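The structure file final39.txt is reproduced below (compact mmCIF, C-alpha atoms).
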# COMPACT_ATOMS: atom_id res chain seq x y z
CA MET P 1 254.01 38.02 -10.95
CA SER P 2 255.92 40.98 -9.53
CA PRO P 3 256.43 41.28 -5.78
CA HIS P 4 254.44 44.53 -5.83
CA TYR P 5 251.38 42.84 -7.35
CA CYS P 6 251.79 40.03 -4.84
CA SER P 7 251.66 42.50 -1.94
CA ILE P 8 248.48 44.10 -3.27
CA ARG P 9 246.82 40.72 -3.63
CA MET P 10 247.90 39.72 -0.14
CA GLY P 11 246.41 42.94 1.27
CA ALA P 12 243.10 42.36 -0.49
CA LEU P 13 242.85 38.81 0.76
CA LEU P 14 243.64 39.87 4.32
CA LEU P 15 240.92 42.53 4.16
CA ALA P 16 238.55 39.80 3.01
CA GLY P 17 239.40 37.96 6.21
CA LEU P 18 240.87 34.92 4.53
CA LEU P 19 243.86 33.03 5.83
CA VAL P 20 246.67 33.40 3.35
CA ALA P 21 249.54 30.99 3.28
CA GLY P 22 251.73 33.42 1.40
CA CYS P 23 252.01 34.08 -2.30
CA ALA P 24 254.69 32.36 -4.27
CA ASP P 25 257.08 35.27 -4.70
CA ASP P 26 257.22 36.15 -1.02
CA SER P 27 257.64 32.56 0.07
CA ALA P 28 260.74 31.99 -2.02
CA PRO P 29 263.84 32.87 0.00
CA GLY P 30 264.80 35.68 -2.34
CA THR P 31 263.50 38.71 -0.47
CA ALA P 32 265.80 39.95 2.27
CA PRO P 33 264.23 42.61 4.49
CA ASN P 34 266.63 44.42 6.72
CA LEU P 35 266.35 44.50 10.50
CA SER P 36 264.45 47.77 10.78
CA GLN P 37 261.90 46.50 8.30
CA LEU P 38 261.32 43.31 10.34
CA ARG P 39 260.54 44.88 13.68
CA ASN P 40 256.88 45.31 14.48
CA ARG P 41 255.73 43.60 11.31
CA PRO P 42 252.86 41.24 12.05
CA ALA P 43 253.41 37.57 11.25
CA ARG P 44 250.64 35.04 10.70
CA GLN P 45 251.14 31.51 11.99
CA ALA P 46 251.73 28.96 9.23
CA ASP P 47 252.83 25.84 11.12
CA ARG P 48 253.11 24.58 14.67
CA PHE P 49 254.50 21.47 16.36
CA GLY P 50 254.27 20.09 19.90
CA LEU P 51 254.38 16.30 20.13
CA PRO P 52 255.96 14.29 17.30
CA ALA P 53 253.60 12.92 14.67
CA ILE P 54 250.38 14.13 16.33
CA ALA P 55 249.31 16.51 13.60
CA THR P 56 250.56 14.29 10.79
CA VAL P 57 248.83 11.13 12.03
CA PHE P 58 245.56 12.44 13.41
CA ILE P 59 244.57 15.52 11.44
CA PRO P 60 242.91 14.97 8.03
CA SER P 61 244.54 16.76 5.12
CA ALA P 62 241.42 18.88 4.63
CA GLN P 63 242.00 20.35 8.12
CA LYS P 64 245.77 20.52 8.04
CA ASP P 65 245.95 24.24 7.29
CA ALA P 66 243.40 25.05 9.98
CA TYR P 67 245.32 22.90 12.50
CA ASN P 68 248.63 24.57 11.64
CA ALA P 69 247.09 28.01 12.13
CA ALA P 70 245.47 27.10 15.45
CA GLN P 71 246.80 27.34 18.99
CA PRO P 72 247.06 24.61 21.62
CA VAL P 73 244.72 26.24 24.15
CA ASN P 74 241.85 25.43 21.77
CA ASP P 75 243.01 21.93 20.73
CA ARG P 76 240.70 19.87 22.92
CA ALA P 77 237.64 21.82 21.85
CA GLU P 78 238.54 21.88 18.16
CA PHE P 79 240.27 18.58 17.37
CA THR P 80 239.23 15.88 19.85
CA ASP P 81 236.78 14.38 17.35
CA GLU P 82 239.49 13.92 14.73
CA VAL P 83 241.90 12.25 17.15
CA VAL P 84 239.18 9.96 18.49
CA ALA P 85 238.17 8.98 14.94
CA VAL P 86 241.67 7.86 13.99
CA LEU P 87 242.27 6.03 17.28
CA THR P 88 238.98 4.23 16.79
CA ALA P 89 239.94 3.23 13.25
CA PHE P 90 243.25 1.92 14.63
CA GLY P 91 241.35 -0.22 17.15
CA HIS P 92 242.46 1.57 20.31
CA PRO P 93 240.42 0.41 23.35
CA ASP P 94 239.83 3.91 24.85
CA PRO P 95 240.17 6.63 22.21
CA ALA P 96 238.62 9.39 24.35
CA ALA P 97 241.07 8.90 27.20
CA LEU P 98 244.13 8.85 24.93
CA ALA P 99 242.87 11.87 22.99
CA SER P 100 242.74 13.85 26.23
CA VAL P 101 246.43 12.99 26.78
CA LEU P 102 247.58 13.84 23.25
CA LEU P 103 245.74 17.18 23.22
CA PRO P 104 246.62 19.99 23.69
CA ASP P 105 249.50 19.38 21.30
CA ILE P 106 252.28 20.53 23.61
CA GLN P 107 255.55 18.82 24.63
CA PRO P 108 255.68 18.54 28.42
CA VAL P 109 259.10 19.20 29.98
CA ASN P 110 259.88 18.73 33.67
CA THR P 111 263.19 20.47 34.18
CA SER P 112 263.75 18.95 37.62
CA GLN P 113 263.73 15.41 36.20
CA PRO P 114 266.10 13.75 33.70
CA SER P 115 264.97 14.27 30.12
CA GLY P 116 263.55 11.38 28.12
CA PHE P 117 260.39 11.18 26.01
CA LEU P 118 257.63 11.86 27.05
CA ASN P 119 259.45 14.18 29.50
CA GLY P 120 260.94 16.43 26.88
CA ARG P 121 262.46 14.91 23.78
CA ARG P 122 266.14 14.12 23.34
CA PRO P 123 267.62 13.47 19.88
CA GLN P 124 268.14 9.78 20.64
CA ASP P 125 264.63 9.09 21.95
CA ASP P 126 262.71 6.58 19.82
CA VAL P 127 259.53 8.64 19.81
CA ILE P 128 257.96 6.69 16.96
CA THR P 129 258.10 3.36 18.76
CA ALA P 130 256.94 5.06 21.96
CA GLU P 131 253.88 6.44 20.16
CA LEU P 132 253.22 3.21 18.20
CA GLY P 133 253.15 1.45 21.56
CA ILE P 134 250.67 3.97 22.96
CA ILE P 135 248.40 3.59 19.95
CA PHE P 136 248.70 -0.14 19.16
CA GLY P 137 249.49 -1.59 22.59
CA GLY P 138 250.37 -5.28 22.51
CA ASN P 139 249.91 -5.68 18.73
CA ALA P 140 253.42 -6.89 17.89
CA ALA P 141 252.92 -6.35 14.15
CA LEU P 142 252.39 -2.61 14.58
CA ASN P 143 253.75 -1.38 17.90
CA ASP P 144 257.42 -1.13 16.85
CA ASP P 145 258.98 -0.08 13.53
CA HIS P 146 262.30 -1.71 14.55
CA VAL P 147 264.33 1.38 13.68
CA ASP P 148 265.91 2.19 17.03
CA GLN P 149 268.55 4.80 16.34
CA ASN P 150 269.72 7.55 14.04
CA ASP P 151 272.06 6.82 11.15
CA LYS P 152 274.75 9.07 12.72
CA THR P 153 275.94 9.32 16.33
CA PHE P 154 274.78 12.41 18.19
CA LEU P 155 277.27 14.80 19.79
CA ALA P 156 277.61 15.01 23.57
CA ALA P 157 278.15 18.75 23.27
CA PHE P 158 276.52 21.70 21.48
CA PRO P 159 274.97 21.60 18.91
CA TYR P 160 274.21 17.91 19.65
CA PHE P 161 273.15 16.97 16.09
CA ALA P 162 275.67 15.20 13.87
CA PRO P 163 277.36 16.94 10.93
CA PRO P 164 275.48 16.86 7.64
CA HIS P 165 275.76 14.30 4.85
CA LEU P 166 277.79 16.07 2.18
CA PRO P 167 278.37 15.00 -1.43
CA MET V 1 243.85 -6.77 20.48
CA ARG V 2 243.22 -7.08 16.78
CA GLN V 3 246.06 -8.37 14.65
CA SER V 4 245.51 -6.10 11.67
CA ILE V 5 244.22 -2.63 10.93
CA PRO V 6 240.53 -3.29 10.34
CA TYR V 7 239.72 -0.23 8.25
CA ARG V 8 241.65 0.75 5.15
CA GLY V 9 239.35 3.33 3.65
CA PRO V 10 239.97 6.99 2.90
CA LEU V 11 240.32 7.78 6.58
CA LEU V 12 243.74 6.16 6.63
CA VAL V 13 244.82 7.33 3.19
CA PHE V 14 245.36 10.80 4.56
CA VAL V 15 247.72 9.31 7.12
CA ALA V 16 249.89 7.89 4.36
CA LEU V 17 249.92 11.27 2.70
CA ALA V 18 250.55 13.29 5.81
CA VAL V 19 252.98 11.33 7.96
CA ALA V 20 256.20 13.22 8.52
CA GLY V 21 254.59 16.28 6.87
CA ALA V 22 257.57 18.50 6.17
CA GLY V 23 259.90 17.00 3.64
CA VAL V 24 257.54 14.28 2.46
CA ALA V 25 257.02 16.33 -0.69
CA ARG V 26 260.73 16.32 -1.42
CA TRP V 27 260.95 12.59 -0.60
CA ALA V 28 257.84 11.83 -2.66
CA ARG V 29 259.35 13.51 -5.70
CA ALA V 30 262.53 11.49 -5.20
CA ALA V 31 260.47 8.31 -4.99
CA ASP V 32 258.53 9.25 -8.14
CA HIS V 33 255.21 9.55 -6.37
CA ARG V 34 252.72 12.06 -7.65
CA ASP V 35 250.74 13.44 -4.78
CA SER V 36 250.29 17.17 -4.63
CA THR V 37 248.35 17.14 -1.38
CA VAL V 38 251.41 17.65 0.77
CA LEU V 39 253.50 19.69 -1.67
CA THR V 40 254.54 22.91 -0.13
CA ALA V 41 255.91 26.08 -1.68
CA ASN V 42 258.19 26.69 1.27
CA PRO V 43 260.00 23.86 3.09
CA ALA V 44 261.80 26.42 5.27
CA ARG V 45 258.43 27.22 6.83
CA ASP V 46 257.45 23.62 7.56
CA ILE V 47 258.52 22.29 10.93
CA ALA V 48 260.01 18.79 10.81
CA ASP V 49 260.56 18.26 14.55
CA ILE V 50 260.86 19.95 17.94
CA TYR V 51 263.32 18.73 20.60
CA SER V 52 263.48 19.90 24.23
CA PHE V 53 266.01 18.37 26.62
CA ARG V 54 268.37 19.19 29.43
CA SER V 55 271.86 19.50 28.07
CA PRO V 56 273.91 16.34 28.66
CA ALA V 57 276.94 18.62 29.04
CA ASN V 58 275.22 20.94 31.54
CA PRO V 59 271.87 19.85 33.01
CA ALA V 60 271.26 23.36 34.33
CA ASN V 61 270.58 24.33 30.70
CA LEU V 62 267.62 23.41 28.52
CA VAL V 63 268.26 22.82 24.83
CA LEU V 64 265.52 23.90 22.42
CA ILE V 65 265.81 22.67 18.84
CA MET V 66 263.53 23.25 15.87
CA THR V 67 264.19 21.48 12.58
CA VAL V 68 262.70 22.63 9.29
CA SER V 69 263.07 21.72 5.63
CA GLY V 70 263.49 17.97 5.89
CA PHE V 71 264.85 15.49 3.34
CA ILE V 72 267.70 17.72 2.18
CA PRO V 73 269.94 15.44 0.08
CA PRO V 74 273.74 15.66 0.34
CA ALA V 75 273.98 17.57 -2.94
CA GLU V 76 271.83 20.37 -1.51
CA ALA V 77 273.26 20.44 2.01
CA SER V 78 275.30 23.60 1.46
CA ASN V 79 272.72 25.52 -0.59
CA THR V 80 269.51 25.14 1.40
CA PHE V 81 268.64 28.20 3.45
CA LEU V 82 266.13 29.63 5.88
CA ASP V 83 263.41 32.01 4.69
CA PRO V 84 263.81 35.66 5.74
CA GLY V 85 260.04 36.01 5.36
CA VAL V 86 259.44 33.62 8.26
CA LEU V 87 259.43 34.18 12.02
CA TYR V 88 260.50 31.05 13.91
CA GLN V 89 259.31 30.81 17.50
CA TRP V 90 259.38 28.55 20.52
CA LYS V 91 256.41 29.05 22.84
CA ILE V 92 256.82 28.20 26.50
CA ASP V 93 253.95 27.72 28.93
CA ASN V 94 255.14 27.76 32.55
CA ASP V 95 251.82 27.96 34.43
CA ASP V 96 250.05 24.99 32.87
CA ASP V 97 247.26 26.82 31.04
CA ALA V 98 248.36 25.98 27.47
CA VAL V 99 249.02 29.66 26.74
CA GLU V 100 252.53 30.86 26.15
CA ASP V 101 254.17 32.88 28.93
CA LEU V 102 257.53 33.24 27.22
CA VAL V 103 258.71 33.10 23.62
CA VAL V 104 262.06 32.62 21.94
CA GLN V 105 262.19 34.13 18.45
CA ALA V 106 264.52 33.61 15.52
CA PHE V 107 264.56 35.04 12.04
CA ALA V 108 267.04 35.25 9.21
CA THR V 109 268.30 38.26 7.33
CA GLY V 110 269.95 37.92 3.97
CA THR V 111 269.68 35.15 1.43
CA GLY V 112 272.06 32.41 0.52
CA ALA V 113 275.18 31.32 2.33
CA ASP V 114 275.65 34.71 4.02
CA GLN V 115 272.41 34.47 6.00
CA VAL V 116 272.57 35.67 9.58
CA ILE V 117 270.08 34.35 12.12
CA HIS V 118 268.93 36.65 14.92
CA PHE V 119 267.67 35.36 18.26
CA ARG V 120 265.78 37.05 21.06
CA GLY V 121 264.25 35.80 24.30
CA PRO V 122 263.18 34.15 26.44
CA ALA V 123 260.85 37.12 26.75
CA VAL V 124 257.23 37.86 27.50
CA PRO V 125 255.43 38.07 24.14
CA GLU V 126 253.64 41.27 23.22
CA VAL V 127 250.58 39.26 22.23
CA THR V 128 249.80 35.58 22.65
CA GLY V 129 248.17 33.48 19.98
CA THR V 130 248.69 33.10 16.30
CA THR V 131 249.61 36.63 15.28
CA GLY V 132 253.15 37.41 16.36
CA ARG V 133 255.60 40.19 15.94
CA ILE V 134 259.19 40.96 16.80
CA PRO V 135 259.17 43.74 19.39
CA ASP V 136 261.51 46.67 19.39
CA GLY V 137 264.55 46.38 21.55
CA ASP V 138 267.88 44.66 21.45
CA GLU V 139 268.28 41.22 20.09
CA LEU V 140 270.05 38.68 22.27
CA VAL V 141 272.54 37.19 19.85
CA GLN V 142 273.08 36.53 16.16
CA VAL V 143 274.94 33.78 14.37
CA ALA V 144 275.99 33.08 10.79
CA LEU V 145 274.25 30.21 9.04
CA SER V 146 276.26 26.97 9.10
CA THR V 147 276.38 25.33 5.69
CA GLY V 148 278.88 22.49 6.09
CA ASP V 149 280.65 20.18 8.47
CA THR V 150 281.87 22.69 11.02
CA PRO V 151 279.17 24.27 13.20
CA VAL V 152 279.33 28.02 13.72
CA THR V 153 278.02 29.00 17.16
CA ALA V 154 277.52 32.20 19.16
CA SER V 155 276.83 32.95 22.81
CA ALA V 156 275.42 35.83 24.87
CA GLY V 157 273.73 36.17 28.24
CA GLY V 158 274.25 32.51 29.09
CA VAL V 159 272.59 31.39 25.86
CA THR V 160 274.34 29.53 23.01
CA VAL V 161 272.88 29.37 19.50
CA PHE V 162 273.36 27.58 16.19
CA ALA V 163 271.52 27.68 12.89
CA GLY V 164 272.26 25.58 9.83
CA VAL V 165 272.40 22.25 8.12
CA ARG V 166 272.83 19.06 10.13
CA ASP V 167 272.19 15.37 9.68
CA ASP V 168 268.46 14.85 10.21
CA PRO V 169 268.17 13.34 13.70
CA PHE V 170 264.78 11.77 13.00
CA PHE V 171 264.58 8.02 12.40
CA PHE V 172 261.50 6.03 11.34
CA ASP V 173 260.55 3.37 8.78
CA LEU V 174 258.12 5.73 7.11
CA ALA V 175 258.11 3.74 3.87
CA GLN V 176 256.91 0.57 5.60
CA PHE V 177 254.35 2.52 7.60
CA GLN V 178 252.91 3.83 4.33
CA GLN V 179 252.76 0.27 2.95
CA ILE V 180 250.80 -0.77 6.03
CA ILE V 181 248.39 2.14 5.70
CA ALA V 182 247.92 1.39 2.00
CA GLY V 183 247.04 -2.20 2.79
CA ASN V 184 250.11 -3.65 1.06
CA ALA V 185 251.66 -4.93 4.29
CA THR V 186 250.33 -6.02 7.67
CA ALA V 187 253.41 -5.49 9.83
CA PHE V 188 256.64 -3.58 10.23
CA ASN V 189 259.83 -5.34 9.14
CA ASP V 190 262.40 -6.48 11.68
CA PRO V 191 264.87 -4.91 11.32
CA GLY V 192 263.27 -1.87 9.76
CA THR V 193 264.83 0.59 7.33
CA ASP V 194 265.26 4.23 8.34
CA THR V 195 263.63 6.27 5.60
CA PHE V 196 265.50 9.36 6.86
CA ALA V 197 268.99 7.87 6.72
CA GLY V 198 271.39 9.88 4.61
CA THR V 199 269.22 13.02 4.69
CA ASN V 200 269.78 16.45 6.19
CA VAL V 201 267.65 19.11 7.80
CA LEU V 202 268.01 22.76 8.84
CA ALA V 203 268.26 23.11 12.63
CA LEU V 204 267.81 26.09 14.94
CA VAL V 205 269.40 25.36 18.34
CA PHE V 206 268.92 27.58 21.41
CA GLU V 207 270.53 26.42 24.67
CA VAL V 208 269.37 28.48 27.66
CA PRO V 209 269.78 28.38 31.46
CA ILE V 210 266.66 26.88 32.99
CA THR V 211 266.58 29.82 35.41
CA GLN V 212 265.57 32.05 32.48
CA LEU V 213 262.36 30.05 31.82
CA GLY V 214 260.34 31.14 34.86
CA GLY V 215 260.15 29.65 38.32
CA SER V 216 258.19 26.49 37.48
CA SER V 217 259.89 23.20 36.68
CA THR V 218 256.88 21.97 34.69
CA LEU V 219 256.89 23.53 31.25
CA GLY V 220 254.94 23.02 28.05
CA ILE V 221 256.80 23.77 24.84
CA TRP V 222 255.77 23.99 21.20
CA GLY V 223 257.23 25.53 18.07
CA THR V 224 255.65 27.72 15.42
CA THR V 225 256.55 29.29 12.13
CA SER V 226 254.81 32.45 10.96
CA GLN V 227 254.78 34.29 7.67
CA PHE V 228 255.33 38.03 7.72
CA THR V 229 252.15 39.35 6.16
CA ASP V 230 253.20 42.63 4.56
Take the structure I supplied and represent it as structure tokens, if you would.
Amino acid sequence: MSPHYCSIRMGALLLAGLLVAGCADDSAPGTAPNLSQLRNRPARQADRFGLPAIATVFIPSAQKDAYNAAQPVNDRAEFTDEVVAVLTAFGHPDPAALASVLLPDIQPVNTSQPSGFLNGRRPQDDVITAELGIIFGGNAALNDDHVDQNDKTFLAAFPYFAPPHLP
Amino acid sequence: MRQSIPYRGPLLVFVALAVAGAGVARWARAADHRDSTVLTANPARDIADIYSFRSPANPANLVLIMTVSGFIPPAEASNTFLDPGVLYQWKIDNDDDAVEDLVVQAFATGTGADQVIHFRGPAVPEVTGTTGRIPDGDELVQVALSTGDTPVTASAGGVTVFAGVRDDPFFFDLAQFQQIIAGNATAFNDPGTDTFAGTNVLALVFEVPITQLGGSSTLGIWGTTSQFTD
């Protein structure tokens, strides 16, 4: 389909009030708008991320697109039921209380304290084991995946992540 | 506390499909799975992780990192790029109401290895919520995309930036977790196996003086990607 046809279809869908994830041509990194074209163009949210693994563990696939297009200020009202349902299925003793901690889906950062998950998130923080512990408590079969560190050493200086794996 | 997951019905199947969202499609193809539920047309729009931490080199700075396009294999490390149709943003709440007070924005121009990534912020957004736009005015700094071993960086106004391919910092035995969810295993292995070992990701890194983030020391941070709609 030509990019021009794609734009017309996008416009029609937007007029119809439907959320559009983007048609195939525009989502391939082949179009290169210049700077003056980018300014003051509206952009529709496609994904969002606060705490690690929250959306991927607790939000059913049927609601994934709606979750990704939503904003944290509405999280407790819109998604508490889903989080409670999964925590209940996992056997957590107080799903409602934990759900009120996990939502809204925002990473807290106290800049006057040393960083370390849950206060911010450093590259080396084992967030998965931290969250497995929160969810599964003393269940030793499930509260630790026993993968404690990255496969490469992080850098002490900018940009902090290790160089890529190259062929 | 129960010793096994008591319920293995459809409720938990979605977890197996959805864990680690971005990049699972690429990994699933490599592992010869056939699930189209999580396939995405645009990995460069799917956030893998968000990191926020005081710089170990200078604790007066906060480092903001967004990773996208997970599970890049070594063979594709130097030819995986950002999407110029996407606006990448960090949203910063500094008055504890879960609404962003400041945003940092990044977007790419150009395609391929000559991409340039443009950063602006921290700045008060024109509108809050899920429709964003890049306002008129000067950008803060731009940097060429890094495609190999050596990171290209740029600095302006106290801020340092990077954009490009890096080793994926995430580590998790995702494969074993999926076996547990599917009912094929009842526990993690010890030691576990990092499903993300040997893989790469695209990273946007924005290091900024904490004094530019508002007067409060308690912040809430999240990342978003948005598709330009015209």
Among listed residues V:Asp96, V:Glu126, V:Asp46, V:Asp83, nearest Thr109 of chain V (using all atoms listed in the file):
V:Asp83
Just want the 9 Å neighbourhood of Pro151 of chain V, counted on all atoms listed in the file, with same-chain residues fewer than 6 positions away dropped. Output as a list in words.
Pro159 and Pro163 of chain P; Leu145, Phe162, Ala163, Gly164, Val165 and Arg166 of chain V
Distance criterion (all atoms listed in the file): nearest to chain V out of P:Leu166, P:Ala77, P:Val127, P:Ala85
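That would be P:Leu166, the residue with the smallest distance to chain V.
The space separating atom CA of Val68 of chain V from atom CA of Asn143 of chain P comes to 27.0 Å.
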Quick one: distance from atom CA of Ile92 of chain V to atom CA of Ile221 of chain V in Å, one decimal?
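One can read the atom CA of Ile92 of chain V to atom CA of Ile221 of chain V distance as 4.7 Å.
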Contact residues around Ala75 of chain V with all atoms listed in the file at 10 Å, ignoring same-chain residues under 5 positions, as a ChimeraX atom specification
/P:165-167 /V:80
Taking the point (259.9, 21.1, 33.3) as given in the file, collect each protein or nucleic acid residue that comes within 10 Å of it, counting all atoms listed in the file, and present the set as a PyMOL selection string.
(chain P and resi 107-115+119-120) or (chain V and resi 52-54+62+93-94+210+213+215-221)
Top pick for closest residue to Ile135 of chain P, considering P:Val57, P:Ala66, P:Val73, P:Leu51 and counting only C-alpha atoms:
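Looking at the shortest contact to Ile135 of chain P, the residue is P:Val57.
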Measuring between only C-alpha atoms, which one of V:Asp95, V:Asp230, V:Glu139, V:Asp101 shows the shortest distance to chain P?
V:Asp230
